[in-house]
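The structure appears below as structure tokens.
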Amino acid sequence: MAECGGVDSNTTSHTMDKSITLPPDEIFRNLENAKRFAIDIGGSLTKLAYYSTVQHKVAKVRSFDHSAKEAASDKLYEIAVQEEVTARLHFIKFENAYIETCLDFIKDHLVNTETKVIKATGGGAHKFKELIEKKLGLKVDKEDEMTCLIKGCNFVLKNIPHEAFVYARHADSEFRFQTTNPDIFPYLLVNIGSGVSIVKVQSEDKFERIGGSSIGGGTFWGLGALLTKTKRFDELLQLASKGQHSSVDMLVKDIYGGSYACLGLTGDLIASSFGKSATADKEFSKEDMAKSLLHMISNDIGQLACLYAKLHNLSRVYFGGFFIRGHPVTMHTITYSINFFTKGEVQALFLRHEGYLGAIGAFLKGAEEDNPNQYSWGENYAGSSGLMSVSPDMNPMQRARSGTFDMLEMDRLERQLVNLPLLQDPSSYIPDTVDLTEDAQAREYWLYCFEEALDGVVKRAVASQPDIPGAAERAEKFRQKYRHKLQTLRHQPFAYGSLTVRSLLDTREHCLNEFNFPDPYSKIKERENDVALKYYQKAVKSLEALSWEDRQFALVRGVLAGNVFDWGAKAVSEVLESNPEFGFEEAKRRLEERPWLVDSFDQWLERLKGPPHRCALFFVDNSGVDIILGVMPFVRELLSRGTEVVLASNSAPALNDVTNSELQILTERIAAMDPVIESALREDRLTLVQSGSSSPCLDLSRLDKVLAMVARERQADLVIIEGMGRAIHTNYYAMLSCESLKMAVIKNSWLADRLGGKLFSVVFKYEVPVGKPH
Amino acid sequence: MALNGLQVDDGIVDEEDETPSKLPRCNKEMPGPFGSDHQNEAAAAAGRAASERRTSNPSARHRKDSVKKTRPPFPWFGMDIGGTLVKLVYFEPKDITAEEEQEEVENLKSIRRYLTSNTAYGTTGIRDVHLELQDLTLCGRTGNLHFIRFPTHDLPAFLQMGRDKHFSSLHTALCATGGGAYKFESDFLTMADLELHKLDELDCLVRGVLYIDSVMSGGPLECYYFENPTDPDHCAQKPYPLENPYPLLLVNIGSGVSILAVYSENNYKRVTGTSLGGGTFLGLCCLLTGCSTFEEALEMASQGESTRVDKLVRDIYGGDYERFGLPGWAVASSFGNMMSKEKRESVSKEDLARATLVTITNNIGSITRMCALNENIERVVFVGNFLRVNTLSMKLLAYAMDYWSKGQLKALFLRHEGYFGAVGALLELLHPS
């Protein structure tokens with residue numbers, strides 16, 4: 001059974017404090033535009049969901065009308081900050097005790113009056129029905145709990161990378177996040193509420209309750225309360241975590257004196273739960289009884305889950321319900337049980353947003369006309385609380401579980417995201433090169449690094465909006481928010497899934513956007529683009545003067561040297577800031593001499609002597625010198641060889657990376673100077689697509705659907721990935737099903753050290769998939 | 001089960017014909033029956049004080065060597081020392097000749113008289129008279145098979161008795177199974193100078209079940225089932241001829257539970273087990289109600305009402321949860337009502353005992369059903385002392401098997417519930433496998 005319904009209010013009411021004041025800028029954000037409410041009321045926690053629109057400033061670039069030939073315009077393009085409306089899902093979780101306060105708050109702040117209905121699910125929904133209808137004036141529309149749960153589960157599994165994790169209590173990182181498998185079905189969901197429901201999910205709309213058990217969270221709670229006179233579920237778990245079950249349980253060794261070796265049953269195995277309390281006439285401690293009860297119930301559920309998984313031949317088993325919800329104690333015992341009964345063949349999986357599934361599902365039921373499933377959604381790191389503490393004992397300050405408002409915000413992405421069809425094995429693809437959750441040393445460094453860089457980011461953010469009021473204050477808020485995120489991540493690196501350089505960068509972008517700094521580098525990018533364009537023709541001419549072989553080398557060096565121009569890298573931004581004249585030639589001189597740190601240039605050259613590629617998909621990096629003097633001449637050469645080129649750039653700004661709209665303008669400007677580019681554009685041999693991303697890194701499993709389509713249609717047989725963020729922090733080990741070229745200059749001495757190189761070491765990695773001689 | 005009553009008198013050891021000790025899947029450190037005192041085998045059982053002791057006793061060695069193909073001397077016991085109960089079967093020969101009577105040592109007589117003339121031993125030992133098998137022929141001898149049990153924690157008293165009655169002077173091999181055969185091996189040796197011949201409990205269980213069923217074909221059938229389990233008014237116990245029993249799922253509910261899939265007499269596997277068994281029922285009942293015996297707990301349970309303790313489907317949905325085919329009367333959460341303080345205060349001890357019984361029983365039923373599905377077996381035999389005088393649980397199991405499998409699964413029960421391990425141990429004494 002899924003419910004934890006009808007749980008008596010006494011269990012929570014004594015902590016009730018109705019006079020709380022809600023921090024309105026923190027929770028229930030964007031209520032003005034809120035619509036489509038859904039609520040999931042469980043035994044102790046309420047989850048509220050609503051859809052809202054967020055007004056955001058976005059940076060737009062617009063080409064000047066050059067036909068007018070305004071000599072006065074010395075600018076390359078116009079940078080405009082516009083208001084844009086984006087869709088966001090808000091989910092808030094709070095104790096049932098706050099329901100009334102929260103409903104009042106919503107009532108007071110709700111502007112939108114179109115909303116007539118609130119979708120409701122959860123065992124407590126009927127209890128609060130009247131209250132909700134009275135307070136909000138909305139009709140409560142009940143939805144089936146299990147249907148909501150499954151819908152929610154499908155949604156998070158599809159849309160949130162690193163949603164599922166394996167729990168390992170004593171490992172360096174307690175949470176081992178699973179890579180997102182594009183195919184999430186079929187799976188087994190074991191929902192442990194007061195009873196247990198075991199559901200087999202086969203597709204978005206097809207699921208079946210294949211079994212269950214009456215021994216669940218309610219049994220632990222009810223029987224535990226009888227045995228220990230402890231009323232609260234959390235307290236019972238606390239007791240259990242301190243107890244010794246062996247004083248209550250009869251173990252194999254109590255019967256055998258040792259192990260029952262021929263059956264492989266070790267002596268410490270429980271032969272009979274509570275077996276000792278039947279034979280020994282003595283008092284048992286509350287802790288020991290609670291522990292014994294916890295083991296009994298966890299083992300029993302684990303065993304049944306395994307029997308069902310085996311019968312239905314399912315290997316993915318997710319656990320949820322209030323018994324599990326964020327409790328390391330029960331996650332551990334369930335994990336242990338599953339390992340024991342399947343001998344490690346099945347892993348117990350848990351979900352980061354397990355508590356929200358019902359609310360998400362109820363919301364989706366109500367939003368069916370908006371077709372939420374046709375969009376891709378992304379977790380907003382700025383607005384989401386992330387996975388909270390693990391061990392309440394270890395971090396008592398941050399886990400006042402009760403009274404905490406926990407939030408999840410998801411942005412509707414403009415583009416639908418899919419896998420790059422050229423990934424060799426999408427299910428095993430991991431974008432990130434280093435998992436900072438597991439690598440404590442690397443984590444330490446990068447957290448420090450991002451904190452160090454914060455002042456500079458704030459400074460640039462302010463500088464990017466000289467004419468917009470309040471920039472300094474907003475920048476300061478940004479600083480506080482991001483610093484707080486970094487501090488949280490220091491203690492809970494698992495908060496948003498695996499911590500990676502990419503997630504740190506993305507979190508920073510989310511925080512900048514949150515405070516309306518959509519593009520702090522816009523002006524710098526423009527200036528660099530402008531300067532670089534002036535050198536384009538000269539650069540092309542000097543390349544053309546070279547012999548074929550020399551030119552190939554010079555082109556590669558050009559891309560690499562161009563890539564040194566990167567405001568994202570601390571070492572470079574310092575040089576750039578102190579000496580704006582630091583030129584392209586200087587960058588080339590700084591480059592490492594061959595042989596490079598990773599050097600397969602000879603193979604690449606050999607390959608170029610062969611037939612041209614059909615189509616190259618090029619993931620570009622920075623604006624300015626990089627794209628104009630490094631990438632474009634390289635692209636030009638490919639085009640001249642008869643290779644079609646697809647240039648993939650970011651959909652929205654990140655650092656000084658060139659965005660798709662900037663690249664459009666730049667390409668037009670280059671085409672005006674260069675007939676090779678011009679004809680390629682005209683004949684559609686050079687295509688610009690957006691990546692769907694606004695990250696300095698690259699996740700090849702979440703790319704714009706159009707990009708994937710173009711790559712497939714053009715039969716791309718070469719993927720080029722450029723830059724530290726895309727080719728080293730991510731995708732360094734990515735395996736593609738076609739030829740690939742990863743080019744980057746290491747502009748961080750720590751990373752260089754790690755890879756065995758030094759500052760400005762070069763990675764030039766040309767790979768041909770095994771068994772595929774181009 | 002081939003019963004070989006043949007007796008070889010000369011006691012000559014035929015090396016060729018020596019049956020190696022065969023304990024399927026389980027011959028690691030168990031000395032083989034009657035043949036284990038060769039030096040090399042003693043070495044295989046290295047480190048075990050008992051084995052060393054045995055080799056150092058030349059007279060015993062001689063006796064055992066010569067007995068290999070013979071009928072063992074009386075008394076004949078089979079013992080199963082479980083986590084909670086010790087089960088003892090004793091064969092009382094009724095065809096003793098005058099000559100034998102003459103030769104019979106006083107100790108042996110005294111033991112026979114003590115066991116057969118009493119139905120209770122001390123304060124906790126009980127002979128289940130109603131289970132006694134009379135005029136049974138075993139190894140060419142005719143007699144009665146007695147079934148005796150006492151709590152495992154009274155084993156010291158039993159050993160003391162064995163010492164007082166000079167049991168060890170009878171030079172009998174004491175075949176024992178169950179975990180206690182291992183745990184108390186040294187106690188047997190030090191307290192009563194008795195050497196245990198240890199046997200695997202599951203081997204004994206399977207052997208015992210098949211044997212008892214085979215010898216019971218004449219009298220009242222050993223195996224029975226409940227007719228109309230889903231209809232309380234017409235639910236009745238009916239004999240079931242277990243003629244072609246394989247494959248069968250054998251569920252042994254003692255303190256804990258073992259579930260075996262039996263494909264033939266010599267081919268079985270342990271599918272799984274659960275720690276929620278008879279010990280859990282009694283243990284929880286003792287804690288919840290203050291009772292102290294199984295009988296007491298059962299008596300309370302028979303008077304209670306579990307629906308006051310458990311949260312039913314209808315308590316949540318007002319009726320059936322039709323979408324998932326769950327009837328309103330099904331338990332949604334065992335002890336689920338006990339989350340509420342008021343309800344905790346309103347239930348009786350009897351209600352709690354009943355809920356404990358129902359919870360444990362249904363859980364065993366549900367795990368069994370899943371195993372039956374996974375193993376593709378339709379016949380389930382429930383044994384073990386949890387079912388002793390526990391018609392409540394048997395009917396619940398019969399009902400659960402039938403209802404949730406939509407009539408596909410049949411729950412079978414055996415009259416000698418908890419004694420099969422001990423019987424298997426006795427058979428091992430008479431016919432080493």
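Ligands are numbered from 1 in the order shown, chains are lettered A, B, ... in the order of the structure tokens, and residues start at 1 in each chain.
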**OP:** Skip Val380 (chain B) itself and residues of its chain fewer than 6 positions away, then list as a list in words all residues within 9 Å of it, counting only C-alpha atoms.
**Re:**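 Listing them by chain and then by number gives Leu248, Leu249, Leu250, Val251, Thr368, Arg369, Ala372, Met401, Leu409, Lys410, Ala411, Leu412 and Phe413 of chain B.
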**OP:** Pull out every residue of chain B sitting within 6 Å of chain A, counting only C-alpha atoms, and send them as a ChimeraX atom specification.
**Re:** /B:26,83,179-180,182-183,255-256,275-276,279-280,282-283,331-336,338-340,374
Next, write the just-selected residues to a file, as a PDB file, in the first residue's frame, keeping N, CA and C atoms as the atom set.
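What follows is the written file out.pdb:
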ATOM      1  N   CYS B  26      26.949 -30.823   1.816  1.00  0.00           N
ATOM      2  CA  CYS B  26      27.205 -30.446   3.195  1.00  0.00           C
ATOM      3  C   CYS B  26      28.110 -31.451   3.872  1.00  0.00           C
ATOM      4  N   GLY B  83      16.358 -24.009  17.584  1.00  0.00           N
ATOM      5  CA  GLY B  83      16.593 -22.772  18.312  1.00  0.00           C
ATOM      6  C   GLY B  83      15.703 -22.659  19.539  1.00  0.00           C
ATOM      7  N   GLY B 179      20.679 -26.959  14.554  1.00  0.00           N
ATOM      8  CA  GLY B 179      21.844 -26.148  14.898  1.00  0.00           C
ATOM      9  C   GLY B 179      22.448 -26.544  16.232  1.00  0.00           C
ATOM     10  N   GLY B 180      21.613 -26.997  17.148  1.00  0.00           N
ATOM     11  CA  GLY B 180      22.086 -27.350  18.476  1.00  0.00           C
ATOM     12  C   GLY B 180      23.047 -28.520  18.470  1.00  0.00           C
ATOM     13  N   TYR B 182      25.448 -28.796  16.661  1.00  0.00           N
ATOM     14  CA  TYR B 182      26.770 -28.184  16.545  1.00  0.00           C
ATOM     15  C   TYR B 182      27.087 -27.369  17.781  1.00  0.00           C
ATOM     16  N   LYS B 183      26.088 -26.573  18.171  1.00  0.00           N
ATOM     17  CA  LYS B 183      26.324 -25.659  19.280  1.00  0.00           C
ATOM     18  C   LYS B 183      26.612 -26.412  20.576  1.00  0.00           C
ATOM     19  N   SER B 255      11.636 -21.699  14.639  1.00  0.00           N
ATOM     20  CA  SER B 255      11.904 -20.348  15.148  1.00  0.00           C
ATOM     21  C   SER B 255      11.999 -19.396  13.971  1.00  0.00           C
ATOM     22  N   GLY B 256      12.730 -19.839  12.967  1.00  0.00           N
ATOM     23  CA  GLY B 256      12.784 -19.128  11.694  1.00  0.00           C
ATOM     24  C   GLY B 256      12.152 -20.022  10.645  1.00  0.00           C
ATOM     25  N   SER B 275      13.527 -14.745   8.578  1.00  0.00           N
ATOM     26  CA  SER B 275      13.712 -14.724  10.030  1.00  0.00           C
ATOM     27  C   SER B 275      12.403 -14.445  10.754  1.00  0.00           C
ATOM     28  N   LEU B 276      11.347 -14.188   9.983  1.00  0.00           N
ATOM     29  CA  LEU B 276      10.049 -13.961  10.623  1.00  0.00           C
ATOM     30  C   LEU B 276       9.321 -15.289  10.740  1.00  0.00           C
ATOM     31  N   GLY B 279       9.553 -18.120  16.191  1.00  0.00           N
ATOM     32  CA  GLY B 279      10.262 -17.399  17.254  1.00  0.00           C
ATOM     33  C   GLY B 279       9.851 -15.939  17.304  1.00  0.00           C
ATOM     34  N   THR B 280       9.570 -15.395  16.124  1.00  0.00           N
ATOM     35  CA  THR B 280       9.162 -13.995  16.055  1.00  0.00           C
ATOM     36  C   THR B 280       7.766 -13.819  16.648  1.00  0.00           C
ATOM     37  N   LEU B 282       6.316 -15.751  18.920  1.00  0.00           N
ATOM     38  CA  LEU B 282       6.351 -15.897  20.368  1.00  0.00           C
ATOM     39  C   LEU B 282       7.103 -14.727  21.014  1.00  0.00           C
ATOM     40  N   GLY B 283       8.214 -14.360  20.390  1.00  0.00           N
ATOM     41  CA  GLY B 283       9.022 -13.270  20.947  1.00  0.00           C
ATOM     42  C   GLY B 283       8.232 -11.981  21.044  1.00  0.00           C
ATOM     43  N   VAL B 331      -5.233  -6.728   4.633  1.00  0.00           N
ATOM     44  CA  VAL B 331      -4.448  -5.888   5.529  1.00  0.00           C
ATOM     45  C   VAL B 331      -3.554  -4.983   4.685  1.00  0.00           C
ATOM     46  N   ALA B 332      -3.704  -3.677   4.884  1.00  0.00           N
ATOM     47  CA  ALA B 332      -2.850  -2.734   4.163  1.00  0.00           C
ATOM     48  C   ALA B 332      -1.558  -2.518   4.931  1.00  0.00           C
ATOM     49  N   SER B 333      -1.688  -2.419   6.237  1.00  0.00           N
ATOM     50  CA  SER B 333      -0.503  -2.190   7.060  1.00  0.00           C
ATOM     51  C   SER B 333      -0.642  -2.938   8.374  1.00  0.00           C
ATOM     52  N   SER B 334       0.200  -3.953   8.548  1.00  0.00           N
ATOM     53  CA  SER B 334       0.172  -4.703   9.797  1.00  0.00           C
ATOM     54  C   SER B 334       0.566  -3.772  10.930  1.00  0.00           C
ATOM     55  N   PHE B 335      -0.191  -3.775  11.964  1.00  0.00           N
ATOM     56  CA  PHE B 335       0.012  -2.900  13.123  1.00  0.00           C
ATOM     57  C   PHE B 335      -0.144  -1.421  12.758  1.00  0.00           C
ATOM     58  N   GLY B 336      -0.694  -1.179  11.565  1.00  0.00           N
ATOM     59  CA  GLY B 336      -0.801   0.195  11.079  1.00  0.00           C
ATOM     60  C   GLY B 336      -1.663   1.085  11.972  1.00  0.00           C
ATOM     61  N   MET B 338      -1.687   1.054  14.994  1.00  0.00           N
ATOM     62  CA  MET B 338      -0.956   1.332  16.226  1.00  0.00           C
ATOM     63  C   MET B 338      -0.083   2.585  16.120  1.00  0.00           C
ATOM     64  N   MET B 339      -0.124   3.227  14.944  1.00  0.00           N
ATOM     65  CA  MET B 339       0.548   4.520  14.818  1.00  0.00           C
ATOM     66  C   MET B 339      -0.224   5.571  15.608  1.00  0.00           C
ATOM     67  N   SER B 340      -1.485   5.272  15.862  1.00  0.00           N
ATOM     68  CA  SER B 340      -2.316   6.245  16.569  1.00  0.00           C
ATOM     69  C   SER B 340      -2.373   5.938  18.064  1.00  0.00           C
ATOM     70  N   ASN B 374       8.212 -18.518  -8.475  1.00  0.00           N
ATOM     71  CA  ASN B 374       9.563 -18.489  -9.039  1.00  0.00           C
ATOM     72  C   ASN B 374      10.068 -19.891  -9.377  1.00  0.00           C
TER      73      ASN B 374
END
**OP:** Fewer than 3 positions away in the same chain doesn't count, so skip those; otherwise give me all residues within 9 Å of region 209-226 of chain B, counting only C-alpha atoms, as number ranges by chain.
**Re:** B: 1, 133, 136, 204-206, 229, 235-243, 245, 265, 381, 383, 394-395, 398-399, 410-416, 419-421, 423-424, 427
**OP:** Fewer than 5 positions away in the same chain doesn't count, so skip those; otherwise give me all residues within 12 Å of Pro595 (chain A), counting only C-alpha atoms, as a PyMOL selection string.
**Re:** chain A and resi 600-602+757+761-764
Quick one: write out the picked residues with all heavy atoms as a compact mmCIF listing (two decimals), in the first residue's frame?
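Result saved to again.txt:
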# COMPACT_ATOMS: atom_id res chain seq x y z
N SER A 600 48.11 13.19 -30.99
CA SER A 600 47.93 12.25 -32.10
C SER A 600 47.83 13.04 -33.42
O SER A 600 47.06 12.68 -34.31
CB SER A 600 46.71 11.34 -31.88
OG SER A 600 45.66 12.04 -31.26
N PHE A 601 48.62 14.11 -33.47
CA PHE A 601 48.59 14.94 -34.67
C PHE A 601 49.03 14.17 -35.91
O PHE A 601 48.47 14.33 -37.00
CB PHE A 601 49.45 16.19 -34.48
CG PHE A 601 49.47 17.06 -35.71
CD1 PHE A 601 48.37 17.85 -36.03
CD2 PHE A 601 50.55 17.05 -36.59
CE1 PHE A 601 48.37 18.63 -37.17
CE2 PHE A 601 50.54 17.82 -37.74
CZ PHE A 601 49.46 18.61 -38.03
N ASP A 602 50.04 13.32 -35.74
CA ASP A 602 50.54 12.58 -36.90
C ASP A 602 49.44 11.71 -37.52
O ASP A 602 49.29 11.64 -38.74
CB ASP A 602 51.73 11.70 -36.50
CG ASP A 602 52.94 12.57 -36.14
OD1 ASP A 602 52.93 13.77 -36.54
OD2 ASP A 602 53.83 12.07 -35.44
N GLY A 757 50.85 17.25 -17.01
CA GLY A 757 51.44 18.26 -17.89
C GLY A 757 51.71 19.53 -17.13
O GLY A 757 51.87 19.51 -15.92
N SER A 761 49.74 23.19 -21.53
CA SER A 761 49.93 21.90 -22.21
C SER A 761 48.77 21.70 -23.18
O SER A 761 47.67 22.20 -22.96
CB SER A 761 49.92 20.76 -21.19
OG SER A 761 51.19 20.58 -20.65
N VAL A 762 49.07 20.92 -24.22
CA VAL A 762 48.07 20.74 -25.27
C VAL A 762 47.53 19.31 -25.27
O VAL A 762 48.28 18.35 -25.12
CB VAL A 762 48.71 21.05 -26.65
CG1 VAL A 762 47.82 20.56 -27.78
CG2 VAL A 762 48.97 22.55 -26.77
N VAL A 763 46.21 19.23 -25.38
CA VAL A 763 45.59 17.93 -25.60
C VAL A 763 45.08 17.91 -27.03
O VAL A 763 44.28 18.75 -27.43
CB VAL A 763 44.43 17.69 -24.61
CG1 VAL A 763 43.61 16.48 -25.03
CG2 VAL A 763 44.96 17.51 -23.20
N PHE A 764 45.62 17.00 -27.81
CA PHE A 764 45.15 16.81 -29.18
C PHE A 764 44.88 15.32 -29.34
O PHE A 764 45.78 14.52 -29.51
CB PHE A 764 46.21 17.29 -30.19
CG PHE A 764 45.71 17.24 -31.61
CD1 PHE A 764 45.10 18.35 -32.18
CD2 PHE A 764 45.83 16.08 -32.38
CE1 PHE A 764 44.62 18.30 -33.49
CE2 PHE A 764 45.35 16.03 -33.68
CZ PHE A 764 44.75 17.14 -34.24
Subject >> Long-range neighbours of Asp411 (chain A) as a list in words, 7 Å cut-off, only C-alpha atoms, 5 positions minimum in chain >> reply: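 The residues that qualify are Ala87, Arg88, Leu89, Trp377, Gly378, Glu379 and Asn380 of chain A.
The closest residue to Trp750 (chain A), picked from A:Ala168, A:Leu189, A:Lys47, A:Trp446 and counting only C-alpha atoms, is A:Trp446.
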Subject >> Residues flagged strand (DSSP E) by DSSP in region 146-239 of chain B, as a PyMOL selection string >> reply: chain B and resi 146-151+174-177+196-199+223-227+236-239
Residues of the last selection are to be written out with N, CA, C and O atoms, as a CSV table (one decimal), in the first residue's frame.
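Written output follows (out-v9.csv):
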chain,number,residue,atom,x,y,z
B,146,HIS,N,8.0,-43.0,19.4
B,146,HIS,CA,7.5,-42.0,20.3
B,146,HIS,C,8.1,-40.6,19.9
B,146,HIS,O,9.2,-40.5,19.5
B,147,PHE,N,7.3,-39.6,20.2
B,147,PHE,CA,7.7,-38.3,19.8
B,147,PHE,C,7.7,-37.4,21.0
B,147,PHE,O,6.7,-37.2,21.7
B,148,ILE,N,8.8,-36.9,21.3
B,148,ILE,CA,9.0,-36.1,22.6
B,148,ILE,C,9.7,-34.8,22.3
B,148,ILE,O,10.5,-34.6,21.4
B,149,ARG,N,9.3,-33.8,23.1
B,149,ARG,CA,9.9,-32.4,22.9
B,149,ARG,C,10.1,-31.7,24.2
B,149,ARG,O,9.4,-32.0,25.2
B,150,PHE,N,11.1,-30.9,24.2
B,150,PHE,CA,11.3,-30.0,25.4
B,150,PHE,C,12.1,-28.8,24.9
B,150,PHE,O,12.8,-28.8,23.9
B,151,PRO,N,12.0,-27.7,25.7
B,151,PRO,CA,12.6,-26.5,25.2
B,151,PRO,C,14.2,-26.6,25.2
B,151,PRO,O,14.8,-27.3,26.0
B,174,LEU,N,24.6,-41.3,19.0
B,174,LEU,CA,23.4,-40.4,19.1
B,174,LEU,C,23.4,-39.5,17.9
B,174,LEU,O,24.2,-38.6,17.7
B,175,CYS,N,22.4,-39.8,17.0
B,175,CYS,CA,22.3,-39.0,15.8
B,175,CYS,C,21.5,-37.7,16.1
B,175,CYS,O,20.4,-37.8,16.6
B,176,ALA,N,22.1,-36.6,15.8
B,176,ALA,CA,21.4,-35.4,16.1
B,176,ALA,C,21.5,-34.4,15.0
B,176,ALA,O,22.5,-34.4,14.2
B,177,THR,N,20.5,-33.6,14.8
B,177,THR,CA,20.5,-32.6,13.8
B,177,THR,C,20.1,-31.3,14.4
B,177,THR,O,19.9,-31.2,15.6
B,196,LEU,N,28.1,-36.9,19.7
B,196,LEU,CA,27.0,-36.7,18.8
B,196,LEU,C,27.5,-37.0,17.4
B,196,LEU,O,28.6,-36.8,17.0
B,197,HIS,N,26.5,-37.6,16.7
B,197,HIS,CA,26.8,-37.8,15.3
B,197,HIS,C,25.9,-36.7,14.6
B,197,HIS,O,24.7,-36.8,14.6
B,198,LYS,N,26.6,-35.7,14.1
B,198,LYS,CA,25.9,-34.5,13.6
B,198,LYS,C,25.4,-34.7,12.2
B,198,LYS,O,26.1,-35.1,11.3
B,199,LEU,N,24.2,-34.2,12.0
B,199,LEU,CA,23.6,-34.4,10.6
B,199,LEU,C,23.0,-33.1,10.2
B,199,LEU,O,22.5,-32.3,11.0
B,223,CYS,N,-0.8,-36.7,5.6
B,223,CYS,CA,-0.9,-35.4,4.9
B,223,CYS,C,-2.4,-35.0,4.8
B,223,CYS,O,-3.2,-35.8,4.5
B,224,TYR,N,-2.7,-33.7,5.0
B,224,TYR,CA,-4.1,-33.2,4.9
B,224,TYR,C,-4.1,-31.8,4.4
B,224,TYR,O,-3.1,-31.1,4.3
B,225,TYR,N,-5.2,-31.4,4.0
B,225,TYR,CA,-5.4,-30.0,3.5
B,225,TYR,C,-6.8,-29.5,4.0
B,225,TYR,O,-7.5,-30.2,4.6
B,226,PHE,N,-7.0,-28.3,3.7
B,226,PHE,CA,-8.3,-27.7,4.1
B,226,PHE,C,-9.2,-27.5,2.9
B,226,PHE,O,-8.8,-26.8,1.9
B,227,GLU,N,-10.3,-28.1,2.9
B,227,GLU,CA,-11.3,-28.0,1.8
B,227,GLU,C,-12.0,-26.7,2.0
B,227,GLU,O,-12.3,-26.3,3.2
B,236,ALA,N,-13.0,-27.5,5.9
B,236,ALA,CA,-12.8,-28.8,6.7
B,236,ALA,C,-11.5,-29.4,6.3
B,236,ALA,O,-11.0,-29.3,5.2
B,237,GLN,N,-10.9,-30.1,7.3
B,237,GLN,CA,-9.7,-30.8,7.1
B,237,GLN,C,-9.9,-32.1,6.3
B,237,GLN,O,-10.8,-32.9,6.7
B,238,LYS,N,-9.2,-32.3,5.3
B,238,LYS,CA,-9.4,-33.5,4.5
B,238,LYS,C,-8.0,-34.2,4.2
B,238,LYS,O,-7.0,-33.5,4.1
B,239,PRO,N,-8.0,-35.5,4.3
B,239,PRO,CA,-6.7,-36.2,4.0
B,239,PRO,C,-6.3,-36.0,2.5
B,239,PRO,O,-7.1,-35.8,1.7
Original post:
Do you know which residues are at most 8 Å from Asn337 (chain B) counting only C-alpha atoms, after dropping those on the same chain fewer than 6 positions away, and could you put them as a PyMOL selection string?
Top reply: (chain A and resi 218+222) or (chain B and resi 308-311+343-344)
Subject >> Secondary structure check, helix (DSSP H, G or I) residues of region 424-456 of chain A, as a list in words >> reply: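 These are the residues in question: Pro426, Ser427, Ser428, Ala440, Gln441, Ala442, Arg443, Glu444, Tyr445, Trp446, Leu447, Tyr448, Cys449, Phe450, Glu451, Glu452, Ala453, Leu454, Asp455 and Gly456 of chain A.
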Original post:
Leaving out Ala240 (chain A) and any residue of its chain fewer than 2 positions from it, which residues lie within 12 Å of it when counting only C-alpha atoms, given as JSON, numbers by chain?
Top reply: {"A": [220, 221, 224, 228, 230, 233, 234, 235, 236, 237, 238, 242, 243, 244, 245, 285, 286, 287, 288, 289, 290, 291, 292, 293, 294, 295, 296, 327, 328, 329, 330, 333]}
Original post:
Of the candidates B:Gln408, B:Thr152, B:Thr230, B:Asn266, which shows the shortest atom-to-atom distance to Leu396 (chain B), using only C-alpha atoms?
Top reply: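 Distance minimum relative to Leu396 (chain B) lands on B:Thr230.
The space between CA of Phe382 (chain B) and CA of Leu260 (chain B) spans 10.5 Å.
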